[in-house]
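A.B. asks: Got a file for you: structure-v9.cif, mmCIF, C-alpha atoms.
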data_protein
loop_
_atom_site.group_PDB
_atom_site.id
_atom_site.type_symbol
_atom_site.label_atom_id
_atom_site.label_comp_id
_atom_site.auth_asym_id
_atom_site.auth_seq_id
_atom_site.Cartn_x
_atom_site.Cartn_y
_atom_site.Cartn_z
ATOM 1 C CA MET A 10 51.057 -84.903 -10.081
ATOM 2 C CA ASP A 11 50.437 -85.361 -6.384
ATOM 3 C CA ASP A 12 53.739 -87.053 -5.603
ATOM 4 C CA CYS A 13 55.985 -84.791 -7.725
ATOM 5 C CA ILE A 14 58.233 -82.533 -5.644
ATOM 6 C CA PHE A 15 58.552 -79.995 -8.475
ATOM 7 C CA CYS A 16 54.771 -79.811 -8.908
ATOM 8 C CA SER A 17 54.506 -79.240 -5.146
ATOM 9 C CA ILE A 18 57.031 -76.387 -5.403
ATOM 10 C CA ILE A 19 55.156 -74.868 -8.366
ATOM 11 C CA GLN A 20 51.878 -75.080 -6.391
ATOM 12 C CA LYS A 21 53.627 -73.545 -3.335
ATOM 13 C CA LYS A 22 52.915 -76.635 -1.210
ATOM 14 C CA ILE A 23 56.667 -76.950 -0.562
ATOM 15 C CA SER A 24 58.957 -73.984 -0.094
ATOM 16 C CA ALA A 25 61.976 -73.403 -2.298
ATOM 17 C CA ASN A 26 64.218 -70.477 -3.104
ATOM 18 C CA ILE A 27 62.360 -69.310 -6.217
ATOM 19 C CA ILE A 28 64.532 -67.013 -8.318
ATOM 20 C CA TYR A 29 62.073 -66.414 -11.167
ATOM 21 C CA GLU A 30 58.604 -67.539 -12.118
ATOM 22 C CA ASP A 31 55.940 -66.906 -14.702
ATOM 23 C CA ARG A 32 53.056 -68.957 -16.097
ATOM 24 C CA ASP A 33 55.384 -71.271 -18.038
ATOM 25 C CA LEU A 34 58.279 -71.893 -15.672
ATOM 26 C CA VAL A 35 59.806 -71.665 -12.234
ATOM 27 C CA VAL A 36 63.525 -71.230 -11.568
ATOM 28 C CA ILE A 37 64.849 -72.419 -8.208
ATOM 29 C CA GLU A 38 68.238 -72.878 -6.590
ATOM 30 C CA ASP A 39 69.364 -76.497 -6.626
ATOM 31 C CA ILE A 40 69.647 -77.829 -3.072
ATOM 32 C CA LYS A 41 72.561 -80.092 -4.089
ATOM 33 C CA PRO A 42 74.595 -77.898 -6.448
ATOM 34 C CA VAL A 43 77.315 -79.407 -8.618
ATOM 35 C CA ALA A 44 78.651 -76.031 -9.773
ATOM 36 C CA LYS A 45 79.343 -72.653 -8.187
ATOM 37 C CA VAL A 46 76.024 -71.496 -9.656
ATOM 38 C CA HIS A 47 73.305 -74.142 -10.055
ATOM 39 C CA TYR A 48 69.639 -73.459 -10.772
ATOM 40 C CA LEU A 49 66.794 -75.635 -11.988
ATOM 41 C CA ILE A 50 64.489 -74.381 -14.724
ATOM 42 C CA ILE A 51 61.213 -76.225 -14.282
ATOM 43 C CA PRO A 52 58.285 -76.003 -16.707
ATOM 44 C CA THR A 53 54.995 -75.564 -14.858
ATOM 45 C CA ALA A 54 53.388 -78.306 -16.987
ATOM 46 C CA HIS A 55 54.196 -81.776 -15.717
ATOM 47 C CA TYR A 56 55.799 -84.262 -18.083
ATOM 48 C CA ALA A 57 58.495 -86.639 -16.911
ATOM 49 C CA ASN A 58 60.821 -86.387 -19.904
ATOM 50 C CA LEU A 59 61.088 -85.557 -23.583
ATOM 51 C CA HIS A 60 59.302 -88.784 -24.516
ATOM 52 C CA GLU A 61 56.150 -87.597 -22.715
ATOM 53 C CA MET A 62 56.272 -84.092 -24.184
ATOM 54 C CA SER A 63 53.258 -83.072 -26.262
ATOM 55 C CA ALA A 64 53.437 -80.659 -29.204
ATOM 56 C CA PHE A 65 52.082 -77.960 -26.884
ATOM 57 C CA ASN A 66 54.769 -78.733 -24.292
ATOM 58 C CA ALA A 67 57.408 -78.584 -27.026
ATOM 59 C CA SER A 68 56.264 -75.136 -28.142
ATOM 60 C CA THR A 69 56.214 -73.931 -24.535
ATOM 61 C CA LEU A 70 59.704 -75.360 -24.048
ATOM 62 C CA GLY A 71 60.790 -73.260 -27.025
ATOM 63 C CA LEU A 72 59.461 -70.152 -25.269
ATOM 64 C CA ILE A 73 61.283 -71.181 -22.092
ATOM 65 C CA LEU A 74 64.555 -71.613 -24.000
ATOM 66 C CA LYS A 75 64.152 -68.076 -25.387
ATOM 67 C CA LYS A 76 63.842 -66.736 -21.806
ATOM 68 C CA ILE A 77 66.958 -68.480 -20.490
ATOM 69 C CA PRO A 78 69.530 -65.916 -21.727
ATOM 70 C CA GLU A 79 67.663 -63.124 -19.931
ATOM 71 C CA ILE A 80 67.390 -65.205 -16.756
ATOM 72 C CA ALA A 81 71.071 -66.186 -16.954
ATOM 73 C CA ASP A 82 72.084 -62.534 -17.435
ATOM 74 C CA SER A 83 70.030 -61.528 -14.393
ATOM 75 C CA LEU A 84 71.883 -64.188 -12.370
ATOM 76 C CA GLY A 85 75.267 -62.762 -13.339
ATOM 77 C CA LEU A 86 76.097 -65.404 -15.934
ATOM 78 C CA LYS A 87 76.820 -63.061 -18.851
ATOM 79 C CA ASN A 88 80.226 -64.690 -19.449
ATOM 80 C CA GLY A 89 78.744 -68.130 -19.966
ATOM 81 C CA TYR A 90 76.714 -70.978 -18.580
ATOM 82 C CA ARG A 91 75.725 -74.560 -19.339
ATOM 83 C CA LEU A 92 72.298 -76.046 -19.842
ATOM 84 C CA VAL A 93 72.027 -79.721 -18.917
ATOM 85 C CA VAL A 94 69.095 -82.098 -19.264
ATOM 86 C CA ASN A 95 69.309 -85.494 -17.600
ATOM 87 C CA GLN A 96 66.980 -87.603 -19.715
ATOM 88 C CA GLY A 97 65.933 -90.707 -17.800
ATOM 89 C CA GLU A 98 67.243 -92.626 -14.825
ATOM 90 C CA ASP A 99 70.367 -93.941 -16.597
ATOM 91 C CA ALA A 100 71.369 -90.328 -17.319
ATOM 92 C CA GLY A 101 70.970 -89.281 -13.694
ATOM 93 C CA GLN A 102 67.435 -87.867 -13.753
ATOM 94 C CA THR A 103 66.233 -88.217 -10.157
ATOM 95 C CA VAL A 104 63.001 -86.195 -10.320
ATOM 96 C CA GLN A 105 60.549 -87.386 -12.939
ATOM 97 C CA HIS A 106 59.465 -83.886 -13.994
ATOM 98 C CA PHE A 107 61.349 -82.523 -16.991
ATOM 99 C CA HIS A 108 63.766 -79.760 -15.982
ATOM 100 C CA ILE A 109 66.901 -78.023 -17.169
ATOM 101 C CA HIS A 110 69.985 -77.453 -15.036
ATOM 102 C CA LEU A 111 71.470 -73.966 -15.454
ATOM 103 C CA LEU A 112 75.106 -74.176 -14.388
ATOM 104 C CA GLY A 113 77.600 -71.363 -14.123
ATOM 105 C CA GLY A 114 80.601 -70.107 -12.292
ATOM 106 C CA GLN A 115 84.204 -69.922 -13.257
ATOM 107 C CA LYS A 116 85.783 -72.793 -15.138
ATOM 108 C CA MET A 117 83.298 -75.548 -14.517
ATOM 109 C CA ASN A 118 84.979 -78.921 -14.516
ATOM 110 C CA PHE A 119 82.670 -80.971 -16.738
ATOM 111 C CA SER A 120 83.406 -82.926 -19.851
ATOM 112 C CA VAL A 121 80.917 -84.057 -22.454
#
Output the structure of this file as structure tokens.
C.D. replies:
Amino acid sequence: MDDCIFCSIIQKKISANIIYEDRDLVVIEDIKPVAKVHYLIIPTAHYANLHEMSAFNASTLGLILKKIPEIADSLGLKNGYRLVVNQGEDAGQTVQHFHIHLLGGQKMNFSV
């Protein structure tokens, strides 16, 4: 997508602090963190949300989820972390490219 900021980061058209990347995903630091540790896990395939996800995207998302514990460990989050998905505008999704928030740090103050 030409107007998607995450696609532009993936294509290296816009700079970001990339922590990890492979063919399926890019992990960047969030520029407006809400926790002591806040990263965004962004699939390289563009789909706005779970409703737009194809079966292929779903299987790739499964592979991404399997990689998260290793990524979290490498970021010093062995004692715990949260994964958050804002699904749609009413849930606070501001970038229409599916992504997962990886949140960590001591005693995060969130309730579900």
A.B. asks: Contacts of region 62-71 of chain A at 8 Å or less, counting all atoms listed in the file, minus same-chain residues fewer than 6 places along, as JSON, numbers by chain?
C.D. replies: {"A": [33, 52, 54, 56]}
A.B. asks: Considering all atoms listed in the file, can you say which of A:Ile40, A:Asp11, A:Asp99, A:Asp82 comes closest to Ser24 (chain A)?
C.D. replies: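 Closest candidate: A:Ile40.
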A.B. asks: In Å, rounded to a single decimal, give me how far CA of Gly89 (chain A) is from CA of Val104 (chain A).
C.D. replies: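 Computing the Euclidean distance for CA of Val104 (chain A) and CA of Gly89 (chain A) yields 25.8 Å.
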A.B. asks: Which is closer to Ile109 (chain A) than all the others in A:Leu92, A:Glu61, A:Ile28, A:Lys45, using all atoms listed in the file?
C.D. replies: A:Leu92
A.B. asks: I would like the residues chosen by the PyMOL selection byres ((chain A and resi 76) around 12) on the shown file; could you give them as a short mmCIF file (atom, residue, chain, number, x, y, z; two decimals) with C-alpha atoms, keeping the file's coordinate frame?
C.D. replies:
data_model
loop_
_atom_site.label_atom_id
_atom_site.label_comp_id
_atom_site.auth_asym_id
_atom_site.auth_seq_id
_atom_site.Cartn_x
_atom_site.Cartn_y
_atom_site.Cartn_z
CA TYR A 29 62.07 -66.41 -11.17
CA GLU A 30 58.60 -67.54 -12.12
CA ASP A 31 55.94 -66.91 -14.70
CA ASP A 33 55.38 -71.27 -18.04
CA LEU A 34 58.28 -71.89 -15.67
CA VAL A 35 59.81 -71.67 -12.23
CA VAL A 36 63.52 -71.23 -11.57
CA ILE A 50 64.49 -74.38 -14.72
CA PRO A 52 58.28 -76.00 -16.71
CA THR A 69 56.21 -73.93 -24.54
CA LEU A 70 59.70 -75.36 -24.05
CA GLY A 71 60.79 -73.26 -27.02
CA LEU A 72 59.46 -70.15 -25.27
CA ILE A 73 61.28 -71.18 -22.09
CA LEU A 74 64.56 -71.61 -24.00
CA LYS A 75 64.15 -68.08 -25.39
CA ILE A 77 66.96 -68.48 -20.49
CA PRO A 78 69.53 -65.92 -21.73
CA GLU A 79 67.66 -63.12 -19.93
CA ILE A 80 67.39 -65.20 -16.76
CA ALA A 81 71.07 -66.19 -16.95
CA ASP A 82 72.08 -62.53 -17.43
CA SER A 83 70.03 -61.53 -14.39
#
A.B. asks: Could you tell me how far CA of His106 (chain A) lies from CA of Pro42 (chain A), in Å and to one decimal?
C.D. replies: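 Going from CA of His106 (chain A) over to CA of Pro42 (chain A), I get 17.9 Å.
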A.B. asks: Take the PyMOL selection byres ((chain A and resi 20) around 12), run it mentally on this structure, and tell me the resulting residues as a list in words.
C.D. replies: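 Taken over the shown coordinates, the PyMOL selection byres ((chain A and resi 20) around 12) returns Met10, Asp11, Cys13, Ile14, Phe15, Cys16, Ser17, Ile18, Ile19, Lys21, Lys22, Ile23, Ser24, Ala25, Ile27, Glu30, Arg32, Leu34, Val35, Thr53, Ala54 and His55 of chain A.
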A.B. asks: Applying 9 Å and all atoms listed in the file, which residues near Arg91 (chain A) remain after dropping the ones on its own chain fewer than 3 positions away? List them as a list in words.
C.D. replies: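 Returned residues: His110, Leu111, Leu112 and Gly113 of chain A.
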